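File shown: query_25.tsv. Contents: TSV, C-alpha atoms.
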```tsv
chain	number	residue	atom	x	y	z
Q	1	MET	CA	5.44	-22.74	4.66
Q	2	ILE	CA	4.60	-20.40	1.77
Q	3	VAL	CA	7.21	-17.80	2.72
Q	4	LEU	CA	10.21	-20.07	3.38
Q	5	PRO	CA	10.35	-21.71	-0.09
Q	6	GLN	CA	10.14	-18.28	-1.71
Q	7	LEU	CA	12.96	-16.96	0.48
Q	8	PHE	CA	15.17	-19.96	-0.19
Q	9	MET	CA	14.48	-19.72	-3.93
Q	10	MET	CA	15.51	-16.06	-4.01
Q	11	PHE	CA	18.59	-16.56	-1.87
Q	12	ALA	CA	19.57	-19.57	-4.00
Q	13	ILE	CA	19.63	-17.21	-7.01
Q	14	ALA	CA	21.59	-14.69	-4.93
Q	15	GLY	CA	24.04	-17.49	-4.09
Q	16	ILE	CA	24.58	-18.07	-7.81
Q	17	GLY	CA	25.30	-14.34	-8.07
Q	18	VAL	CA	27.92	-14.70	-5.32
Q	19	MET	CA	29.62	-17.60	-7.13
Q	20	LEU	CA	29.58	-15.83	-10.51
Q	21	ARG	CA	31.09	-12.76	-8.87
Q	22	ARG	CA	33.90	-14.81	-7.32
Q	23	ARG	CA	34.62	-16.51	-10.65
Q	24	GLY	CA	34.88	-13.14	-12.35
Q	25	VAL	CA	31.85	-13.70	-14.58
Q	26	ILE	CA	29.90	-10.87	-12.93
Q	27	THR	CA	32.27	-7.89	-12.78
Q	28	ASP	CA	31.58	-4.30	-11.73
Q	29	PRO	CA	30.59	-3.26	-15.30
Q	30	VAL	CA	28.29	-6.31	-15.52
Q	31	ILE	CA	26.70	-5.40	-12.17
Q	32	LYS	CA	26.09	-1.86	-13.44
Q	33	GLY	CA	24.64	-3.20	-16.68
Q	34	LEU	CA	22.32	-5.64	-14.90
Q	35	SER	CA	21.29	-2.89	-12.46
Q	36	ASP	CA	20.44	-0.61	-15.39
Q	37	ILE	CA	18.40	-3.39	-17.04
Q	38	VAL	CA	16.44	-3.89	-13.82
Q	39	THR	CA	16.00	-0.16	-13.18
Q	40	LEU	CA	15.18	0.89	-16.74
Q	41	ALA	CA	13.35	-2.15	-18.15
Q	42	THR	CA	12.27	-5.10	-16.01
Q	43	ASN	CA	11.18	-3.21	-12.88
Q	44	PRO	CA	9.10	-0.61	-14.79
Q	45	ALA	CA	7.53	-3.46	-16.79
Q	46	LEU	CA	6.70	-5.21	-13.51
Q	47	LEU	CA	5.13	-2.07	-12.04
Q	48	ILE	CA	2.81	-1.72	-15.03
Q	49	SER	CA	2.12	-5.45	-15.33
Q	50	VAL	CA	0.91	-5.93	-11.75
Q	51	THR	CA	-1.66	-3.14	-12.11
Q	52	GLN	CA	-3.31	-4.81	-15.14
Q	53	TYR	CA	-6.13	-5.82	-12.87
Q	54	GLU	CA	-9.81	-4.93	-13.04
Q	55	TYR	CA	-10.69	-3.40	-9.72
Q	56	THR	CA	-13.83	-3.46	-7.67
Q	57	PRO	CA	-14.86	-0.65	-5.32
Q	58	ARG	CA	-13.33	-2.70	-2.48
Q	59	THR	CA	-9.94	-3.20	-4.14
Q	60	LEU	CA	-9.83	0.47	-5.18
Q	61	VAL	CA	-10.42	1.66	-1.61
Q	62	ASN	CA	-7.82	-0.79	-0.28
Q	63	PHE	CA	-5.30	0.30	-2.93
Q	64	LEU	CA	-5.64	3.94	-1.88
Q	65	HIS	CA	-5.37	3.00	1.81
Q	66	VAL	CA	-2.14	1.08	1.20
Q	67	LEU	CA	-0.81	4.04	-0.77
Q	68	TRP	CA	-1.27	6.57	2.02
Q	69	MET	CA	-0.38	4.18	4.84
Q	70	GLY	CA	2.79	3.13	3.06
Q	71	THR	CA	3.76	6.75	2.44
Q	72	VAL	CA	3.15	7.70	6.08
Q	73	THR	CA	5.06	4.67	7.41
Q	74	LEU	CA	8.11	5.19	5.19
Q	75	ALA	CA	8.28	8.95	5.77
Q	76	PHE	CA	7.74	8.67	9.53
Q	77	VAL	CA	10.43	6.01	10.00
Q	78	MET	CA	12.91	7.90	7.83
Q	79	VAL	CA	12.45	11.22	9.65
Q	80	ALA	CA	12.37	9.58	13.11
Q	81	VAL	CA	15.65	7.71	12.54
Q	82	TYR	CA	17.27	10.85	11.12
Q	83	ALA	CA	16.24	12.78	14.24
Q	84	LEU	CA	17.46	9.95	16.50
Q	85	CYS	CA	20.92	10.02	14.87
Q	86	ARG	CA	21.47	13.75	15.31
Q	87	ARG	CA	24.96	13.20	16.83
Q	88	GLN	CA	26.25	11.49	13.69
Q	89	ASP	CA	27.91	13.39	10.85
Q	90	GLU	CA	25.97	14.26	7.72
Q	91	ARG	CA	27.84	11.69	5.63
Q	92	THR	CA	26.38	8.86	7.75
Q	93	ARG	CA	23.20	10.20	9.33
Q	94	PRO	CA	20.95	10.33	6.24
Q	95	VAL	CA	22.22	6.92	5.06
Q	96	VAL	CA	21.13	5.33	8.34
Q	97	ALA	CA	17.71	6.97	7.93
Q	98	LEU	CA	17.28	5.80	4.34
Q	99	VAL	CA	18.33	2.16	4.77
Q	100	SER	CA	16.27	1.88	7.97
Q	101	ALA	CA	13.11	2.96	6.15
Q	102	LEU	CA	13.39	1.76	2.55
Q	103	PRO	CA	12.31	-1.88	2.04
Q	104	ASN	CA	13.32	-4.11	-0.86
Q	105	ALA	CA	9.62	-4.35	-1.63
Q	106	GLY	CA	9.62	-4.65	-5.40
Q	107	PHE	CA	12.46	-7.12	-5.91
Q	108	MET	CA	11.98	-9.41	-2.90
Q	109	GLY	CA	8.47	-8.53	-1.83
Q	110	LEU	CA	6.59	-9.37	-5.01
Q	111	PRO	CA	7.20	-13.15	-5.22
Q	112	ILE	CA	6.49	-13.58	-1.50
Q	113	ILE	CA	3.36	-11.44	-1.48
Q	114	ARG	CA	2.10	-12.99	-4.71
Q	115	ALA	CA	2.59	-16.47	-3.22
Q	116	MET	CA	0.78	-15.49	-0.02
Q	117	TYR	CA	-2.05	-13.32	-1.35
Q	118	GLY	CA	-2.27	-13.82	-5.12
Q	119	ALA	CA	-3.15	-11.07	-7.61
Q	120	ASP	CA	-4.78	-8.82	-5.00
Q	121	GLY	CA	-1.60	-8.82	-2.94
Q	122	ALA	CA	0.51	-7.93	-5.99
Q	123	LEU	CA	-1.84	-5.06	-6.77
Q	124	TYR	CA	-1.58	-3.63	-3.25
Q	125	LEU	CA	2.21	-4.00	-3.41
Q	126	ALA	CA	2.15	-1.70	-6.46
Q	127	ALA	CA	0.65	0.99	-4.19
Q	128	MET	CA	3.50	0.44	-1.73
Q	129	ILE	CA	6.05	0.80	-4.54
Q	130	VAL	CA	4.49	4.12	-5.56
Q	131	ALA	CA	4.79	5.22	-1.92
Q	132	PHE	CA	8.44	4.05	-1.89
Q	133	ASN	CA	9.34	6.18	-4.91
Q	134	LEU	CA	7.37	9.16	-3.62
Q	135	VAL	CA	9.18	9.13	-0.26
Q	136	ILE	CA	12.72	8.43	-1.47
Q	137	TRP	CA	12.68	11.25	-4.03
Q	138	THR	CA	11.08	13.80	-1.72
Q	139	VAL	CA	11.86	13.19	1.97
Q	140	GLY	CA	14.89	10.98	1.29
Q	141	SER	CA	16.42	13.32	-1.27
Q	142	ALA	CA	15.88	16.31	1.02
Q	143	LEU	CA	17.54	14.57	3.98
Q	144	ILE	CA	20.54	13.30	2.07
Q	145	ASP	CA	21.34	16.59	0.30
Q	146	ARG	CA	19.05	19.58	0.73
Q	147	SER	CA	21.14	21.72	-1.64
Q	148	ARG	CA	20.51	19.32	-4.56
Q	149	PHE	CA	16.90	18.50	-3.75
Q	150	THR	CA	14.52	18.87	-6.68
Q	151	LEU	CA	11.15	17.36	-7.50
Q	152	ARG	CA	12.52	16.47	-10.94
Q	153	ARG	CA	14.49	13.63	-9.31
Q	154	MET	CA	11.18	11.92	-8.53
Q	155	PHE	CA	10.54	11.26	-12.18
Q	156	ASN	CA	12.78	8.25	-12.63
Q	157	PRO	CA	11.66	5.22	-14.71
Q	158	GLY	CA	10.36	3.33	-11.66
Q	159	PHE	CA	8.21	6.20	-10.41
Q	160	ILE	CA	6.93	7.03	-13.90
Q	161	ALA	CA	6.02	3.37	-14.47
Q	162	SER	CA	4.25	3.31	-11.08
Q	163	LEU	CA	2.18	6.35	-12.09
Q	164	ILE	CA	1.37	4.83	-15.49
Q	165	GLY	CA	0.36	1.55	-13.88
Q	166	MET	CA	-1.74	3.33	-11.27
Q	167	ALA	CA	-3.44	5.45	-13.96
Q	168	LEU	CA	-4.22	2.36	-16.06
Q	169	PHE	CA	-5.60	0.67	-12.96
Q	170	LEU	CA	-7.77	3.60	-11.89
Q	171	LEU	CA	-9.09	4.11	-15.43
Q	172	ASN	CA	-9.73	0.37	-15.90
Q	173	VAL	CA	-7.61	0.31	-19.06
Q	174	ASN	CA	-6.53	-3.14	-20.25
Q	175	LEU	CA	-3.48	-3.11	-22.50
Q	176	PRO	CA	-3.71	-5.02	-25.81
Q	177	ASP	CA	-1.91	-8.36	-25.98
Q	178	PHE	CA	0.93	-7.05	-28.15
Q	179	LEU	CA	1.87	-4.70	-25.28
Q	180	ASP	CA	0.83	-6.85	-22.34
Q	181	ALA	CA	2.78	-9.97	-23.43
Q	182	PRO	CA	6.24	-8.33	-23.63
Q	183	LEU	CA	5.59	-6.51	-20.35
Q	184	ASP	CA	4.77	-9.83	-18.66
Q	185	SER	CA	7.89	-11.43	-20.14
Q	186	LEU	CA	10.12	-8.63	-18.88
Q	187	ALA	CA	8.40	-8.64	-15.48
Q	188	ALA	CA	9.03	-12.39	-15.15
Q	189	VAL	CA	12.83	-11.92	-15.17
Q	190	ASN	CA	12.84	-8.98	-12.76
Q	191	THR	CA	13.30	-10.98	-9.55
Q	192	PRO	CA	16.00	-13.36	-10.91
Q	193	LEU	CA	18.05	-10.46	-12.31
Q	194	ALA	CA	17.62	-8.39	-9.14
Q	195	MET	CA	18.66	-11.31	-6.92
Q	196	LEU	CA	21.72	-11.99	-9.09
Q	197	VAL	CA	22.72	-8.33	-8.60
Q	198	LEU	CA	22.04	-8.60	-4.87
Q	199	GLY	CA	24.21	-11.73	-4.66
Q	200	ALA	CA	27.01	-10.12	-6.64
Q	201	ARG	CA	26.97	-7.19	-4.21
Q	202	LEU	CA	26.34	-9.27	-1.11
Q	203	LYS	CA	29.07	-9.53	1.47
Q	204	LEU	CA	28.35	-11.90	4.31
Q	205	PRO	CA	28.42	-9.79	7.48
Q	206	ASP	CA	31.08	-10.58	10.05
Q	207	ALA	CA	30.44	-10.61	13.79
Q	208	ARG	CA	31.76	-7.06	14.18
Q	209	SER	CA	29.34	-5.61	11.62
Q	210	LEU	CA	26.42	-7.46	13.18
Q	211	VAL	CA	26.96	-5.90	16.60
Q	212	SER	CA	27.96	-2.40	15.50
Q	213	GLY	CA	25.67	0.36	16.74
Q	214	ASN	CA	24.35	1.44	13.35
Q	215	SER	CA	23.78	-2.12	12.15
Q	216	LEU	CA	21.79	-3.01	15.26
Q	217	LEU	CA	19.67	0.13	14.93
Q	218	ILE	CA	19.05	-0.37	11.21
Q	219	ALA	CA	18.19	-4.07	11.58
Q	220	ALA	CA	15.87	-3.44	14.53
Q	221	VAL	CA	14.00	-0.64	12.80
Q	222	LYS	CA	13.87	-2.18	9.31
Q	223	LEU	CA	13.02	-5.77	10.22
Q	224	ALA	CA	10.95	-5.34	13.39
Q	225	ALA	CA	9.77	-1.81	14.19
Q	226	MET	CA	8.70	-0.87	10.69
Q	227	PRO	CA	6.42	-3.87	9.99
Q	228	LEU	CA	4.94	-3.50	13.48
Q	229	ILE	CA	4.19	0.19	12.79
Q	230	ALA	CA	2.53	-0.80	9.51
Q	231	LEU	CA	0.55	-3.52	11.30
Q	232	GLY	CA	-0.61	-1.11	14.00
Q	233	LEU	CA	-1.64	1.49	11.42
Q	234	SER	CA	-3.60	-1.01	9.34
Q	235	ALA	CA	-5.29	-2.39	12.46
Q	236	ALA	CA	-6.24	1.10	13.66
Q	237	PHE	CA	-8.02	1.79	10.35
Q	238	HIS	CA	-9.43	-1.76	9.98
Q	239	LEU	CA	-7.67	-2.38	6.69
Q	240	ASP	CA	-8.68	-5.43	4.67
Q	241	PRO	CA	-6.57	-8.49	5.72
Q	242	VAL	CA	-5.00	-8.99	2.27
Q	243	ALA	CA	-4.15	-5.30	1.91
Q	244	SER	CA	-2.83	-5.25	5.47
Q	245	GLY	CA	-0.72	-8.35	4.82
Q	246	ALA	CA	0.77	-6.85	1.66
Q	247	LEU	CA	1.58	-3.61	3.49
Q	248	VAL	CA	3.18	-5.36	6.47
Q	249	ILE	CA	5.15	-7.97	4.49
Q	250	ALA	CA	6.45	-5.26	2.14
Q	251	SER	CA	7.52	-3.20	5.17
Q	252	ALA	CA	9.33	-6.23	6.62
Q	253	MET	CA	11.62	-6.68	3.61
Q	254	PRO	CA	15.35	-6.02	4.12
Q	255	SER	CA	16.95	-2.70	3.20
Q	256	ALA	CA	16.60	-1.74	-0.45
Q	257	ILE	CA	19.60	-1.71	-2.76
Q	258	MET	CA	18.34	1.73	-3.82
Q	259	GLY	CA	19.66	3.09	-0.50
Q	260	GLN	CA	23.18	2.09	-1.51
Q	261	MET	CA	22.73	3.54	-5.00
Q	262	VAL	CA	21.55	6.88	-3.62
Q	263	ALA	CA	24.43	6.97	-1.11
Q	264	GLU	CA	26.91	6.41	-3.95
Q	265	GLN	CA	25.22	9.07	-6.08
Q	266	TYR	CA	25.42	11.73	-3.34
Q	267	ASP	CA	28.88	10.69	-2.05
Q	268	ARG	CA	27.57	9.61	1.34
Q	269	ASP	CA	28.58	6.51	3.35
Q	270	ALA	CA	27.93	3.91	0.65
Q	271	ALA	CA	29.95	1.27	2.56
Q	272	LEU	CA	27.50	1.50	5.47
Q	273	ALA	CA	24.57	1.25	3.06
Q	274	ALA	CA	26.04	-1.87	1.39
Q	275	GLN	CA	26.73	-3.43	4.80
Q	276	SER	CA	23.16	-2.71	5.88
Q	277	VAL	CA	21.74	-4.37	2.76
Q	278	SER	CA	23.81	-7.48	3.51
Q	279	VAL	CA	23.05	-7.60	7.25
Q	280	THR	CA	19.29	-7.10	6.86
Q	281	ALA	CA	19.12	-9.54	3.92
Q	282	VAL	CA	20.73	-12.31	5.98
Q	283	LEU	CA	18.66	-11.60	9.11
Q	284	SER	CA	15.44	-11.40	7.09
Q	285	LEU	CA	15.62	-15.16	6.55
Q	286	ALA	CA	14.52	-15.42	10.19
Q	287	THR	CA	12.41	-12.28	10.63
Q	288	ILE	CA	10.15	-12.47	7.54
Q	289	PRO	CA	8.73	-15.90	8.47
Q	290	LEU	CA	8.11	-14.59	11.99
Q	291	ILE	CA	6.19	-11.59	10.65
Q	292	ALA	CA	4.24	-13.93	8.34
Q	293	MET	CA	3.38	-16.14	11.33
Q	294	LEU	CA	2.24	-13.06	13.24
Q	295	LEU	CA	-0.09	-12.16	10.38
Q	296	GLY	CA	-1.33	-15.75	10.21
Q	297	GLY	CA	-2.12	-15.67	13.87
```

I'd like the structure from this file rewritten - as structure tokens, please.
Amino acid sequence: MIVLPQLFMMFAIAGIGVMLRRRGVITDPVIKGLSDIVTLATNPALLISVTQYEYTPRTLVNFLHVLWMGTVTLAFVMVAVYALCRRQDERTRPVVALVSALPNAGFMGLPIIRAMYGADGALYLAAMIVAFNLVIWTVGSALIDRSRFTLRRMFNPGFIASLIGMALFLLNVNLPDFLDAPLDSLAAVNTPLAMLVLGARLKLPDARSLVSGNSLLIAAVKLAAMPLIALGLSAAFHLDPVASGALVIASAMPSAIMGQMVAEQYDRDAALAAQSVSVTAVLSLATIPLIAMLLGG
């Protein structure tokens, strides 16, 4: 009952994005501009804002556990799917691996996890977002184009903001109000802007795309296998229930829009990435509540 209202709220905003796109209000240049605002301003502000939290020894240990478990889960799923798709060409194969592994944790995950677990959950999600950026710009970049792989690509605004937020958290530094207030204001509009962009890019999947081989594989891995792997890992190491919940719910989010952006940047199969974002987003309306019920049980 906590998850469903959050999902419907976010998809209602995405629906407004769909309508504005059809009316010509949100055009391709507007989508790019909104994406840049989210990538360069609101999402980094969010990543710093959620770590403005005074930790205890317990929350610090849990934060570090979520960080390494998230990194292992994302990297393992990405490499495993890439190996499984060895018969596919190199324009498609790495895209399938990326969209199967990368969750829309920051944009969609935060309001759900915050509603379920409060400030602690948001803090542990920040560790997952650091893991996301670490994996996409190392393992993901290497898989999608080894010839252009460089560690410099890791240092994008999102990853830098994650490191700043993590450093502030670990050092117990509280930002003064004149910095904290604008960060909170920017962070507050991150999800609405991101969902408008998602809606503007969203194409409702047809029956053919839902039953295609790649779509079935991506949906099964992203929405079912990945959260179950995260759940098994957290259970094996007896992770705190709130930290475990944040890790699993973040892993259960649909494919990240970042997968499509990276595919476009490297001239890979961006159409497949966009289709996967749409298919997993629609199906997640059913799968995320199920995962939440599993955690509740």

With all atoms listed in the file as the atoms that count, which of Q:Val277, Q:Val3, Q:Ala41, Q:Leu272 lies nearest to Arg201 of chain Q?
Q:Val277

Closest-contact table, segment 158-253 of chain Q side, partner segment 51-59 of chain Q, 7 Å, counting all atoms listed in the file, as CSV:
```
residue,atom,partner,partner_atom,distance
Q:Gly165,CA,Q:Thr51,CA,5.4
Q:Met166,CA,Q:Thr51,CA,6.5
Q:Phe169,CA,Q:Thr51,CA,5.5
Q:Asn172,CA,Q:Glu54,CA,6.0
Q:Asn174,CA,Q:Gln52,CA,6.3
```

Would you mind reading off the distance between atom CA of Ile31 of chain Q and atom CA of Ile48 of chain Q, one decimal, in Å?
24.3 Å

Rank Q:Asn43, Q:Thr92, Q:Asn62, Q:Ser234 by their smallest atom-to-atom distance to Gly121 of chain Q, using only C-alpha atoms, and report the top residue only.
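Counting only C-alpha atoms, the residue closest to Gly121 of chain Q is Q:Asn62.
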
Suppose you want the space between atom CA of Val262 of chain Q and atom CA of Val95 of chain Q; what is it in Å?
8.7 Å

Which of these, Q:Gln88, Q:Phe132, Q:Leu233, Q:Ala200, has the shortest distance to Asp28 of chain Q once you count all atoms listed in the file?
Q:Ala200

One decimal, Å: what's the distance from atom CA of Val248 of chain Q over to atom CA of Val96 of chain Q, could you say?
21.0 Å

Give me the residues near Gly158 of chain Q as an MDAnalysis selection string, where near means some atom within 8 Å (using all atoms listed in the file) and where sequence neighbours in that chain fewer than 6 positions away do not count.
chainID Q and resid 39:40 43:44 47 133

Spatial neighbours of Ile136 of chain Q, 9 Å, only C-alpha atoms, chain gap at least 4 places, as a list in words
Leu74, Ala75, Leu98, Leu102, Ala131, Phe132, Gly140, Ser141, Ala142, Met154 and Gly259 of chain Q

Write out as a count of residues only which residues come within 9 Å of Phe76 of chain Q when counting only C-alpha atoms, dropping same-chain ones fewer than 5 positions away.
3

Could you list, as a list in words, every residue within 6 Å of segment 10-19 of chain Q, counting only C-alpha atoms and ignoring same-chain residues fewer than 2 positions away?
Leu7, Phe8, Arg21, Arg22, Met195, Leu196, Gly199 and Ala200 of chain Q

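Residue nearest Asn190 of chain Q within the list Q:Leu110, Q:Ser278, Q:Gln6, Q:Leu228: Q:Leu110 [criterion: smallest interatomic distance, all atoms listed in the file].
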
Mind checking which residues fall within 8 Å of Thr287 of chain Q, counting all atoms listed in the file, ignoring those fewer than 2 positions away in the same chain, and posting them as a list in words?
Leu223, Ala224, Ala252, Leu283, Ser284, Leu285, Pro289, Leu290 and Ile291 of chain Q

For those residues, write C-alpha atoms to a file as a PDB file, in the coordinates of the input.
```pdb
ATOM      1  CA  LEU Q 223      13.020  -5.770  10.220  1.00  0.00           C
ATOM      2  CA  ALA Q 224      10.950  -5.340  13.390  1.00  0.00           C
ATOM      3  CA  ALA Q 252       9.330  -6.230   6.620  1.00  0.00           C
ATOM      4  CA  LEU Q 283      18.660 -11.600   9.110  1.00  0.00           C
ATOM      5  CA  SER Q 284      15.440 -11.400   7.090  1.00  0.00           C
ATOM      6  CA  LEU Q 285      15.620 -15.160   6.550  1.00  0.00           C
ATOM      7  CA  PRO Q 289       8.730 -15.900   8.470  1.00  0.00           C
ATOM      8  CA  LEU Q 290       8.110 -14.590  11.990  1.00  0.00           C
ATOM      9  CA  ILE Q 291       6.190 -11.590  10.650  1.00  0.00           C
TER      10      ILE Q 291
END
```

Among the residues Q:Glu90, Q:Asp180, Q:Asp36, Q:Asp240, the one that comes closest to Met261 of chain Q [using all atoms listed in the file]:
Q:Asp36

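Residues lying within 7 Å of (20.5, 1.4, 8.6). Counted over all atoms listed in the file, they are Val95, Val96, Ala97, Leu98, Val99, Ser100, Asn214, Ser215, Leu217, Ile218, Ala219, Ala273 and Ser276 of chain Q.
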
Distance criterion (all atoms listed in the file): nearest to Val197 of chain Q out of Q:Ala122, Q:Ile249, Q:Ile257, Q:Met116:
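Distance minimum relative to Val197 of chain Q lands on Q:Ile257.
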